[in-house]
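Participant: What follows is a structure written as structure tokens; I'll ask about it next.
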Number of protein chains: 6
Amino acid sequence: MSRVLLTGAGGNLGKVVRENLAGVYDTLRVTDLIEMAPAGSGEEVVQCDLSDAEAVMQLVEGCDAIMHLGGISLENTFDSILNANIRGTYNIYEAARKHGVKRVMFASSNHVTGFHKRETRLDATSEMRPDSIYGVSKGFGELLARYYFDQFGIETACVRIGYSFEKPLTRRMMAIWLSFDDFTDLAKRVIAADRVGFAVVYGMSNNKETWWDNSLTSYLGWQPKDSSEQFANDPNITSEVNDPNDPAVKYQGGAWVAAGHFEDQK
Amino acid sequence: MSRVLLTGAGGNLGKVVRENLAGVYDTLRVTDLIEMAPAGSGEEVVQCDLSDAEAVMQLVEGCDAIMHLGGISLENTFDSILNANIRGTYNIYEAARKHGVKRVMFASSNHVTGFHKRETRLDATSEMRPDSIYGVSKGFGELLARYYFDQFGIETACVRIGYSFEKPLTRRMMAIWLSFDDFTDLAKRVIAADRVGFAVVYGMSNNKETWWDNSLTSYLGWQPKDSSEQFANDPNITSEVNDPNDPAVKYQGGAWVAAGHFEDQK
Amino acid sequence: MSRVLLTGAGGNLGKVVRENLAGVYDTLRVTDLIEMAPAGSGEEVVQCDLSDAEAVMQLVEGCDAIMHLGGISLENTFDSILNANIRGTYNIYEAARKHGVKRVMFASSNHVTGFHKRETRLDATSEMRPDSIYGVSKGFGELLARYYFDQFGIETACVRIGYSFEKPLTRRMMAIWLSFDDFTDLAKRVIAADRVGFAVVYGMSNNKETWWDNSLTSYLGWQPKDSSEQFANDPNITSEVNDPNDPAVKYQGGAWVAAGHFEDQK
Amino acid sequence: MSRVLLTGAGGNLGKVVRENLAGVYDTLRVTDLIEMAPAGSGEEVVQCDLSDAEAVMQLVEGCDAIMHLGGISLENTFDSILNANIRGTYNIYEAARKHGVKRVMFASSNHVTGFHKRETRLDATSEMRPDSIYGVSKGFGELLARYYFDQFGIETACVRIGYSFEKPLTRRMMAIWLSFDDFTDLAKRVIAADRVGFAVVYGMSNNKETWWDNSLTSYLGWQPKDSSEQFANDPNITSEVNDPNDPAVKYQGGAWVAAGHFEDQK
Amino acid sequence: MSRVLLTGAGGNLGKVVRENLAGVYDTLRVTDLIEMAPAGSGEEVVQCDLSDAEAVMQLVEGCDAIMHLGGISLENTFDSILNANIRGTYNIYEAARKHGVKRVMFASSNHVTGFHKRETRLDATSEMRPDSIYGVSKGFGELLARYYFDQFGIETACVRIGYSFEKPLTRRMMAIWLSFDDFTDLAKRVIAADRVGFAVVYGMSNNKETWWDNSLTSYLGWQPKDSSEQFANDPNITSEVNDPNDPAVKYQGGAWVAAGHFEDQK
Amino acid sequence: MSRVLLTGAGGNLGKVVRENLAGVYDTLRVTDLIEMAPAGSGEEVVQCDLSDAEAVMQLVEGCDAIMHLGGISLENTFDSILNANIRGTYNIYEAARKHGVKRVMFASSNHVTGFHKRETRLDATSEMRPDSIYGVSKGFGELLARYYFDQFGIETACVRIGYSFEKPLTRRMMAIWLSFDDFTDLAKRVIAADRVGFAVVYGMSNNKETWWDNSLTSYLGWQPKDSSEQFANDPNITSEVNDPNDPAVKYQGGAWVAAGHFEDQK
């Protein structure tokens with residue numbers, strides 16, 4: 001792959017991925033709605049609103065593959081999510097189709113399946129049960145990716161990211177934590193694999209407690225190396241008190257489930 | 001149920017449903033973007049653009065249940081589908097939530113699963129494989145309905161309608177034909193059932209050749225009575241010539257699959 | 001089969017079965033804890049407490065097959081259920097083992113699976129989720145039957161009876177109604193079949209709305225002929241008002257689920 | 001279809017199928033190893049040893065579809081079965097490939113799955129458990145058909161025929177009886193269907209007691225009309241005495257299972 | 001958890017668990033029918049017959065969670081098992097309900113599923129196939145736990161213990177061996193977990209040969225650390241000679257299956 | 001086991017297995033169609049054509065178990081494969097039956113399932129989809145083994161070998177590589193296991209990228225120790241360029257799928 005596009009490169013996770021990918025591809029084109037650090041060696045920096053179809057068409061031109069992390073990553077108003085995640089993801093796929101890009105790594109979310117109970121083990125065939133409008137928008141992205149694969153042969157790995165930050169803050173996050181390095185390794189494997197097809201991968205490190213089963217995508221050869229167990233004795237985490245019937249504990253989506261509709265959170 | 005809202009009441013199927021429901025409920029409030037026949041006895045007629053959130057909020061007020069047939073029912077530009085089907089369906093559910101409406105019959109489509117091969121038998125748990133942007137938008141509606149049920153307790157039966165017109169025109173339509181009467185019967189059962197939960201029902205009559213299995217929703221008690229077999233000797237149908245590997249034959253979505261992207265159809 | 005034993009012959013269902021079986025076998029030995037009508041032609045009447053192991057040993061002697069309807073058929077104190085259903089069923093199977101009886105029709109109950117939601121379709125492999133101590137005791141009977149088949153080759157068909165009375169009284173009973181004739185037909189088939197193995201059959205007539213799937217036991221050739229649809233216009237039934245989230249509506253066990261523990265019902 | 005080839009046309013079932021197909025296709029080419037009735041109108045009669053590759057190559061030339069009933073239909077020596085069923089079926093598929101024939105109806109057998117217990121419900125995905133060398137040879141034919149579909153696009157419906165004679169002789173045959181008319185109807189549907197893909201269909205009439213589930217091939221639209229129930233009161237059948245643990249009763253293959261190896265039957 | 005109740009504390013396994021739990025909870029209340037070692041620091045010792053409902057009611061008062069190891073752990077007369085395991089377990093759950101105890105670790109047994117063949121891989125959804133009256137009584141306990149969770153919200157992890165002794169004695173025990181430390185770790189996790197729901201866990205160490213799959217309960221985060229491989233070269237084990245069709249080898253229950261009914265063992 | 005027969009001992013894999021088994025059994029009888037190295041200590045060398053039934057009958061006499069690696073291991077003419085693999089394997093099982101040999105390790109092949117896509121995870125229950133006549137012949141062998149187990153109690157482990165050579169040559173082979181040592185360990189376990197039943201095992205080492213799931217045969221206790229990862233930096237492998245839609249990449253059978261029919265390869 002000579003040129004890979006990374007969207008959402010100005011976000012929390014995107015910034016780390018950008019750093020980790022330095023020198024991996026001939027050219028890394030990074031983009032975000034917000035301002036980003038200037039281009040380093042082998043980088044192209046393009047500021048772009050993904051909801052602008054024409055801008056995205058230009059953005060994608062000349063790329064060989066796309067890591068699509070862009071969009072809104074928290075619950076928000078329907079209009080915001082509609083523009084950033086629904087329209088934005090459509091624009092990416094349409095541009096990919098028109099420019100002949102054949103492979104995408106799509107940053108989906110565990111919130112696509114957040115209304116499953118914690119004691120339910122999920123795999124790629126589990127029913128989508130979103131816990132938020134945000135989760136619905138990510139489910140839309142997965143359906144769109146499925147369509148673009150079936151109809152146009154564009155391969156996508158949808159990564160249902162758990163919690164990809166420096167370290168887990170709660171016991172729930174202990175189960176779904178995804179280290180930056182493990183995520184980067186997965187993203188690189190998706191780009192490099194002989195064949196991806198249409199894949200759904202749960203993005204979690206090699207944690208002790210797990211809710212998800214990635215064996216259906218063992219053909220990608222991804223074996224996460226980190227574990228949240230290194231944080232097991234963090235006093236903030238271990239002292240947490242929980243009620244098993246609190247929605248934030250009962251359901252995989254955690255506090256997102258408990259929060260209810262964004263309109264009511266204001 | 002004293003007042004039931006019927007959206008899409010000016011469309012081909014909506015007009016028949018409206019007629020069939022005359023006198024069934026205390027009040028039938030019918031709506032469409034286009035002009036409709038004037039209100040009959042027990043009817044309220046409200047012209048409304050479903051993509052207009054405030055208008056929909058008013059439209060839903062005072063209703064006890066919704067039959068949501070509105071929106072675009074063919075492949076179209078992304079913007080058109082985004083407004084009519086994605087924004088429109090969101091507006092319906094938000095209005096239902098705010099006004100305490102607890103039950104919806106959502107007219108989904110077989111195009112949510114159109115990329116399954118004809119020899120694959122589907123049921124409510126089958127993977128969504130849309131064959132069009134339209135199909136993706138209906139899949140979005142189903143995910144939204146799933147979320148509004150899990151989070152807010154609004155029950156929905158998603159009906160993946162096959163081909164609901166006067167009579168089938170092709171051999172493919174023989175398999176997926178849904179008579180107007182069978183559809184109306186299903187819609188009434190969804191409204192009347194003790195409990196619907198979140199259901200996915202395939203909308204087909206009691207045809208001889210079938211691709212879909214509705215046994216998972218046998219609790220609704222719906223048993224279609226008509227059959228496309230009555231049209232089996234129609235010369236236009238029987239003389240059709242087919243190649244088993246033609247996408248329009250190979251996949252359940254039929255000509256929709258073969259048509260490719262709407263942008264390319266112009 | 002020359003002599004068939006019918007337990008619970010003095011109960012509501014047992015009395016009808018006894019009548020229906022008149023003349024079917026060389027000898028029908030009927031038993032109950034309570035007094036029964038005197039023996040007719042081809043009948044033997046033996047009053048017996050099934051919790052009395054020695055009495056049961058005598059009762060079973062000389063029989064070729066057993067229809068085991070005896071025991072308590074409503075929620076009750078643990079001690080009552082322990083004696084009648086747990087001890088009683090054990091005594092039946094031990095006597096069968098010692099006297100070489102090789103086939104049993106065991107009247108189990110839908111309350112073995114009453115905590116499944118109404119929208120969940122069950123078959124013989126579904127998880128047992130009892131809705132009462134009574135339901136647990138019937139589940140115990142099924143496990144015991146499984147053991148006596150695996151270890152001693154005694155074949156049993158466990159019939160999870162829905163509601164087998166003259167007619168349904170509620171909309172829930174419409175779905176699970178089992179006519180006396182359909183039950184008798186099933187019981188006779190179980191006795192007459194070439195091979196029963198260990199079977200779990202849901203006892204319902206050919207109703208329109210159903211929750212259960214008996215296709216796994218299609219080898220028994222039982223096809224119920226009656227339907228609760230004949231009562232569909234009964235005003236007492238149709239006028240019922242329901243809340244989909246009321247436990248009596250939400251769960252298959254109906255009012256049993258809503259009733260809670262027997263200790264609290266006093 | 002202008003010319004259809006029917007192999008095994010001199011056998012018990014083949015003779016009836018030949019009669020039933022009179023006038024259905026422009027030309028029916030019938031073949032067998034043994035002498036057959038002379039050609040009627042629209043018929044071509046070709047005597048042929050299916051184990052002779054060159055003869056088969058000529059036989060198939062000019063045909064549009066094949067109904068392959070030929071070969072040995074009872075247990076026999078390995079050499080006989082190797083030649084007639086394994087070599088013979090290979091020759092048919094190779095000739096089809098070379099002459100561009102794209103559809104085959106292959107007469108497989110219930111003896112491919114005869115070692116399943118009677119209380120096990122089978123469908124097209126059930127494990128093959130042959131009860132004889134004959135059954136293994138039919139399984140070989142199905143694997144070959146699967147390969148020729150995946151690699152060369154030749155569609156096959158494998159029909160696992162139960163017992164297709166004038167009438168059932170035993171209670172086991174009551175469950176697996178396939179009337180001549182139902183079989184002919186199936187064969188015609190396989191030839192006429194828009195798409196067959198690779199299908200496995202159990203060949204039984206609409207009997208009361210069944211072991212097999214054909215819902216996975218409901219897309220073929222085959223609904224058998226006859227039933228063995230018409231023979232239920234045949235005194236020879238009803239008087240049969242069975243032991244549930246006799247291999248001939250316990251397993252679906254019946255007497256075939258009980259017979260053991262052909263070498264030991266001599 | 002300030003006070004945890006341990007039943008069966010005088011038994012082989014209970015004694016080790018008691019030792020291992022020293023100092024883990026504020027108070028460990030230990031109980032058994034037989035005499036136990038006197039109370040150490042942070043311990044309360046209560047001798048109690050679990051079949052005595054009133055005594056159990058007192059026993060449970062003031063506890064926050066229960067590890068229920070009590071009862072008979074070998075095949076025995078029906079009466080003995082009825083009292084100790086069926087009545088005893090009921091008494092525990094009723095006391096838990098009345099005193100508001102919300103979590104139980106229930107020592108079930110591999111003998112609940114002992115009649116599965118050794119080559120059948122089991123998980124929490126596998127059919128219960130007890131190999132003994134003891135196994136049936138443990139199955140009863142699991143059904144009871146399921147009921148108390150569904151109806152009263154009392155969470156239970158049923159641990160189907162393999163062979164939890166110092167070391168395995170046979171090759172069968174190599175596969176199902178559970179070290180004392182691994183069991184204790186599991187018990188502690190069950191008590192500490194944010195949410196248990198209703199869980200079925202197979203109790204085995206990290207052995208090389210395994211029959212069971214615990215991935216469905218990976219949310220408990222239990223990863224056994226010991227392995228029976230350390231005993232692989234024990235001459236008593238390795239020299240064992242086996243017949244694959246001996247019931248003690250063929251079935252998972254081993255010698256229990258081969259032993260037959262307790263009445264016949266006397 | 002005092003005498004074990006190894007067929008195909010002159011082949012690439014057979015030679016290594018022969019060396020690895022030196023001294024493991026009292027006697028290792030090795031055989032092949034071609035000349036082999038002279039007998040070492042504890043060895044018997046018998047040259048034999050497996051398609052010669054009488055010769056095989058003599059060959060098997062006196063053996064306790066068979067490792068059947070013999071036959072053709074590449075695509076070839078139908079006649080060659082018929083003799084070597086179909087007739088040859090039948091001769092082996094017939095000789096085993098007549099001489100009372102009760103256990104076989106059968107070298108099957110990943111080409112039995114080569115027409116599954118690379119992104120499909122397979123286990124022992126996956127549909128057989130051969131990618132070649134060779135693959136069909138191995139499928140025949142598995143069906144034959146299933147029959148000889150069900151009917152005659154001869155246990156077989158079918159090992160679907162991936163690529164068992166010194167080292168992988170392509171990225172596809174990285175996923176399916178099976179080291180000589182891992183294969184030998186598996187073969188020894190199959191012979192030594194208490195019970196094998198009828199098993200299907202995928203023969204691959206502990207590679208990073210995998211397509212197959214052996215958990216259903218975890219009861220054999222086989223845990224491969226080697227990994228293809230040691231060759232990950234081989235420049236020939238890493239520089240490979242692939243098209244995801246090339247049949248050799250898309251399907252598990254790799255180049256075998258792409259090669260088409262042997263007749264066309266000449």
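Each chain in the structure tokens gets a letter, A, B and so on, in the order shown; residues start at 1 in every chain, and ligands are counted from 1 in the order they appear.
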If we count only C-alpha atoms, which residues of chain B reach to within 6 Å of chain A? Please list them as a list of chain:residue names.
Facilitator: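 Within 6 Å of chain A on chain B, we get B:Pro130, B:Phe140, B:Tyr147.
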Participant: Please, could you write that set of residues out with N, CA and C atoms as a compact mmCIF listing (two decimals), in the first residue's frame?
Facilitator:
```
# COMPACT_ATOMS: atom_id res chain seq x y z
N PRO B 130 -28.10 -5.62 2.88
CA PRO B 130 -28.91 -4.77 2.01
C PRO B 130 -28.41 -4.81 0.57
N PHE B 140 -31.38 0.72 8.82
CA PHE B 140 -31.25 1.77 9.83
C PHE B 140 -32.54 1.87 10.64
N TYR B 147 -33.45 -0.05 19.19
CA TYR B 147 -32.99 0.84 20.25
C TYR B 147 -34.16 1.43 21.03
```
Participant: Find the residues around segment 154-170 of chain E up to 7 Å (only C-alpha atoms counted), leave out those fewer than 3 positions away in its own chain, and share them as a ChimeraX atom specification.
Facilitator: /E:102-110,142,145,148-149,173-174,176-180,190,196-204,237
Participant: So which residues of segment 101-192 of chain F fall under strand (DSSP E or B) by DSSP, listed as a PyMOL selection string?
Facilitator: chain F and resi 103-109+117+122+155-161+163+177
Participant: Print the selection's residues with N, CA, C and O atoms to a file, as a PDB file, in the first residue's frame.
Facilitator:
```
ATOM      1  N   ARG F 103      -8.726 -49.304  15.628  1.00  0.00           N
ATOM      2  CA  ARG F 103      -8.446 -47.856  15.602  1.00  0.00           C
ATOM      3  C   ARG F 103      -7.595 -47.458  14.397  1.00  0.00           C
ATOM      4  O   ARG F 103      -6.603 -48.115  14.097  1.00  0.00           O
ATOM      5  N   VAL F 104      -7.994 -46.355  13.767  1.00  0.00           N
ATOM      6  CA  VAL F 104      -7.325 -45.862  12.569  1.00  0.00           C
ATOM      7  C   VAL F 104      -7.099 -44.358  12.694  1.00  0.00           C
ATOM      8  O   VAL F 104      -7.973 -43.629  13.169  1.00  0.00           O
ATOM      9  N   MET F 105      -5.927 -43.925  12.288  1.00  0.00           N
ATOM     10  CA  MET F 105      -5.683 -42.494  12.081  1.00  0.00           C
ATOM     11  C   MET F 105      -5.631 -42.325  10.562  1.00  0.00           C
ATOM     12  O   MET F 105      -4.749 -42.875   9.907  1.00  0.00           O
ATOM     13  N   PHE F 106      -6.597 -41.583  10.015  1.00  0.00           N
ATOM     14  CA  PHE F 106      -6.709 -41.461   8.562  1.00  0.00           C
ATOM     15  C   PHE F 106      -6.238 -40.077   8.115  1.00  0.00           C
ATOM     16  O   PHE F 106      -6.792 -39.055   8.535  1.00  0.00           O
ATOM     17  N   ALA F 107      -5.230 -40.057   7.258  1.00  0.00           N
ATOM     18  CA  ALA F 107      -4.724 -38.788   6.736  1.00  0.00           C
ATOM     19  C   ALA F 107      -5.671 -38.255   5.675  1.00  0.00           C
ATOM     20  O   ALA F 107      -5.560 -38.597   4.507  1.00  0.00           O
ATOM     21  N   SER F 108      -6.606 -37.432   6.108  1.00  0.00           N
ATOM     22  CA  SER F 108      -7.482 -36.748   5.171  1.00  0.00           C
ATOM     23  C   SER F 108      -6.793 -35.437   4.780  1.00  0.00           C
ATOM     24  O   SER F 108      -5.566 -35.300   4.965  1.00  0.00           O
ATOM     25  N   SER F 109      -7.548 -34.491   4.277  1.00  0.00           N
ATOM     26  CA  SER F 109      -6.895 -33.315   3.718  1.00  0.00           C
ATOM     27  C   SER F 109      -7.779 -32.087   3.830  1.00  0.00           C
ATOM     28  O   SER F 109      -9.010 -32.177   3.817  1.00  0.00           O
ATOM     29  N   LYS F 117     -14.652 -20.191   1.767  1.00  0.00           N
ATOM     30  CA  LYS F 117     -13.859 -18.977   1.674  1.00  0.00           C
ATOM     31  C   LYS F 117     -12.893 -18.877   2.851  1.00  0.00           C
ATOM     32  O   LYS F 117     -13.138 -19.429   3.921  1.00  0.00           O
ATOM     33  N   LEU F 122     -13.940 -22.940  10.050  1.00  0.00           N
ATOM     34  CA  LEU F 122     -14.477 -24.292   9.963  1.00  0.00           C
ATOM     35  C   LEU F 122     -14.224 -25.082  11.238  1.00  0.00           C
ATOM     36  O   LEU F 122     -13.226 -24.867  11.930  1.00  0.00           O
ATOM     37  N   GLU F 155     -12.841 -47.197  15.447  1.00  0.00           N
ATOM     38  CA  GLU F 155     -12.680 -45.755  15.682  1.00  0.00           C
ATOM     39  C   GLU F 155     -11.694 -45.144  14.690  1.00  0.00           C
ATOM     40  O   GLU F 155     -10.661 -45.748  14.392  1.00  0.00           O
ATOM     41  N   THR F 156     -12.012 -43.949  14.234  1.00  0.00           N
ATOM     42  CA  THR F 156     -11.103 -43.242  13.318  1.00  0.00           C
ATOM     43  C   THR F 156     -11.011 -41.776  13.695  1.00  0.00           C
ATOM     44  O   THR F 156     -12.026 -41.148  13.995  1.00  0.00           O
ATOM     45  N   ALA F 157      -9.797 -41.263  13.667  1.00  0.00           N
ATOM     46  CA  ALA F 157      -9.609 -39.811  13.642  1.00  0.00           C
ATOM     47  C   ALA F 157      -9.171 -39.436  12.245  1.00  0.00           C
ATOM     48  O   ALA F 157      -8.115 -39.873  11.783  1.00  0.00           O
ATOM     49  N   CYS F 158     -10.018 -38.648  11.555  1.00  0.00           N
ATOM     50  CA  CYS F 158      -9.675 -38.131  10.234  1.00  0.00           C
ATOM     51  C   CYS F 158      -8.912 -36.831  10.438  1.00  0.00           C
ATOM     52  O   CYS F 158      -9.464 -35.889  11.021  1.00  0.00           O
ATOM     53  N   VAL F 159      -7.689 -36.776   9.975  1.00  0.00           N
ATOM     54  CA  VAL F 159      -6.903 -35.556  10.141  1.00  0.00           C
ATOM     55  C   VAL F 159      -6.857 -34.821   8.805  1.00  0.00           C
ATOM     56  O   VAL F 159      -6.262 -35.302   7.848  1.00  0.00           O
ATOM     57  N   ARG F 160      -7.524 -33.681   8.775  1.00  0.00           N
ATOM     58  CA  ARG F 160      -7.511 -32.878   7.543  1.00  0.00           C
ATOM     59  C   ARG F 160      -6.230 -32.049   7.521  1.00  0.00           C
ATOM     60  O   ARG F 160      -6.210 -30.897   7.971  1.00  0.00           O
ATOM     61  N   ILE F 161      -5.206 -32.670   6.968  1.00  0.00           N
ATOM     62  CA  ILE F 161      -3.876 -32.060   6.996  1.00  0.00           C
ATOM     63  C   ILE F 161      -3.854 -30.792   6.149  1.00  0.00           C
ATOM     64  O   ILE F 161      -4.374 -30.767   5.032  1.00  0.00           O
ATOM     65  N   TYR F 163      -0.738 -28.151   5.408  1.00  0.00           N
ATOM     66  CA  TYR F 163       0.454 -28.244   4.570  1.00  0.00           C
ATOM     67  C   TYR F 163       1.569 -28.729   5.465  1.00  0.00           C
ATOM     68  O   TYR F 163       2.073 -27.980   6.302  1.00  0.00           O
ATOM     69  N   TRP F 177       0.079 -24.433   7.877  1.00  0.00           N
ATOM     70  CA  TRP F 177       1.276 -25.243   8.061  1.00  0.00           C
ATOM     71  C   TRP F 177       1.141 -26.155   9.289  1.00  0.00           C
ATOM     72  O   TRP F 177       0.641 -25.757  10.335  1.00  0.00           O
TER      73      TRP F 177
END
```
Participant: Considering only C-alpha atoms, return as a PyMOL selection string whatever protein or nucleic-acid residues lie within 9 Å of Val17 of chain A, sequence-local ones (same chain, fewer than 5 positions apart) excluded.
Facilitator: chain A and resi 6+9+22+180-181+183-184+187
Participant: Given the selection you just returned, output its residues as a file containing N, CA, C and O atoms, formatted as a short mmCIF file (atom, residue, chain, number, x, y, z; two decimals), in the first residue's frame.
Facilitator:
```cif
data_model
loop_
_atom_site.label_atom_id
_atom_site.label_comp_id
_atom_site.auth_asym_id
_atom_site.auth_seq_id
_atom_site.Cartn_x
_atom_site.Cartn_y
_atom_site.Cartn_z
N LEU A 6 -6.03 8.24 6.76
CA LEU A 6 -6.48 8.09 8.14
C LEU A 6 -7.42 9.24 8.47
O LEU A 6 -6.99 10.40 8.53
N ALA A 9 -7.92 11.90 12.39
CA ALA A 9 -6.53 11.89 12.85
C ALA A 9 -6.25 12.91 13.95
O ALA A 9 -5.19 12.88 14.57
N ALA A 22 3.84 6.12 11.68
CA ALA A 22 4.92 6.88 11.04
C ALA A 22 5.90 5.91 10.37
O ALA A 22 6.45 5.02 11.02
N PHE A 180 -3.62 1.14 22.80
CA PHE A 180 -3.30 1.82 21.54
C PHE A 180 -2.47 0.92 20.62
O PHE A 180 -2.69 0.87 19.42
N ASP A 181 -1.54 0.20 21.23
CA ASP A 181 -0.67 -0.65 20.40
C ASP A 181 -1.47 -1.81 19.78
O ASP A 181 -1.25 -2.14 18.61
N PHE A 183 -4.59 -1.82 19.05
CA PHE A 183 -5.43 -1.28 17.98
C PHE A 183 -4.61 -1.01 16.72
O PHE A 183 -5.01 -1.34 15.61
N THR A 184 -3.47 -0.41 16.90
CA THR A 184 -2.62 -0.12 15.74
C THR A 184 -2.22 -1.40 15.02
O THR A 184 -2.24 -1.48 13.79
N ALA A 187 -5.15 -2.51 13.00
CA ALA A 187 -5.36 -1.67 11.82
C ALA A 187 -4.36 -2.03 10.73
O ALA A 187 -4.71 -2.13 9.55
#
```
Participant: Quick one: pull the distance between atom CA of Asp123 of chain F and atom CA of Ser227 of chain A, Å, one decimal.
Facilitator: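 Separation between atom CA of Asp123 of chain F and atom CA of Ser227 of chain A: 28.3 Å.
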Participant: Can you tell me, as a ChimeraX atom specification, what residues are no more than 6 Å from segment 53-64 of chain C when counting only C-alpha atoms, ignoring any on the same chain fewer than 2 positions away?
Facilitator: /C:3-4,50,91,95,99,101
Participant: Taking C-alpha atoms for each residue, export the selection above as a short mmCIF file (atom, residue, chain, number, x, y, z; two decimals), in the first residue's frame.
Facilitator:
```cif
data_model
loop_
_atom_site.label_atom_id
_atom_site.label_comp_id
_atom_site.auth_asym_id
_atom_site.auth_seq_id
_atom_site.Cartn_x
_atom_site.Cartn_y
_atom_site.Cartn_z
CA ARG C 3 -52.30 -53.27 30.49
CA VAL C 4 -51.72 -49.53 30.73
CA LEU C 50 -47.88 -42.03 44.86
CA ASN C 91 -41.55 -43.99 42.93
CA ALA C 95 -41.35 -49.33 40.09
CA HIS C 99 -41.11 -54.40 36.95
CA VAL C 101 -42.06 -51.32 32.26
#
```
Participant: Could you pull out the alpha helix (DSSP H) residues of segment 13-202 of chain D from DSSP and send them as a PyMOL selection string?
Facilitator: chain D and resi 13-20+53-60+78-81+88-99+133-152+171-176+180-192
Participant: Got a sec: who's within 8 Å of Val30 of chain E, counting only C-alpha atoms, leaving out chain neighbours fewer than 2 positions off, as a list in words?
Facilitator: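 Selected residues are Leu5, Leu6, Thr7, Gly8, Ala9, Arg18, Leu28, Asp32, Glu43, Glu44, Val45 and Val46 of chain E.
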Participant: Given the choices F:Glu119, F:Glu19, F:Ser215, F:Trp222, which gets closest to Lys250 of chain F if the distance is worked out from only C-alpha atoms?
Facilitator: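 So, comparing all the options, the nearest one is F:Glu119.
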Participant: What's the 6 Å shell around Pro244 of chain C, counting only C-alpha atoms, without same-chain residues fewer than 4 positions away, as a PyMOL selection string?
Facilitator: (chain B and resi 194-195) or (chain C and resi 249-250)
Participant: Nearest residue to Asn20 of chain B out of B:Gln230, B:Asn242, B:Asp185, B:Arg121, using only C-alpha atoms?
Facilitator: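 Of the candidates, the smallest distance to Asn20 of chain B is held by B:Asp185.
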Participant: Just to confirm, what's the straight-line distance from atom CA of Ala65 of chain E to atom CA of Pro247 of chain C in Å (one decimal)?
Facilitator: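 Atom-to-atom, atom CA of Ala65 of chain E to atom CA of Pro247 of chain C, that is 27.5 Å.
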Participant: Using Å and a single decimal, report how far atom CA of Asn214 of chain A sits from atom CA of Ala175 of chain A.
Facilitator: 14.2 Å
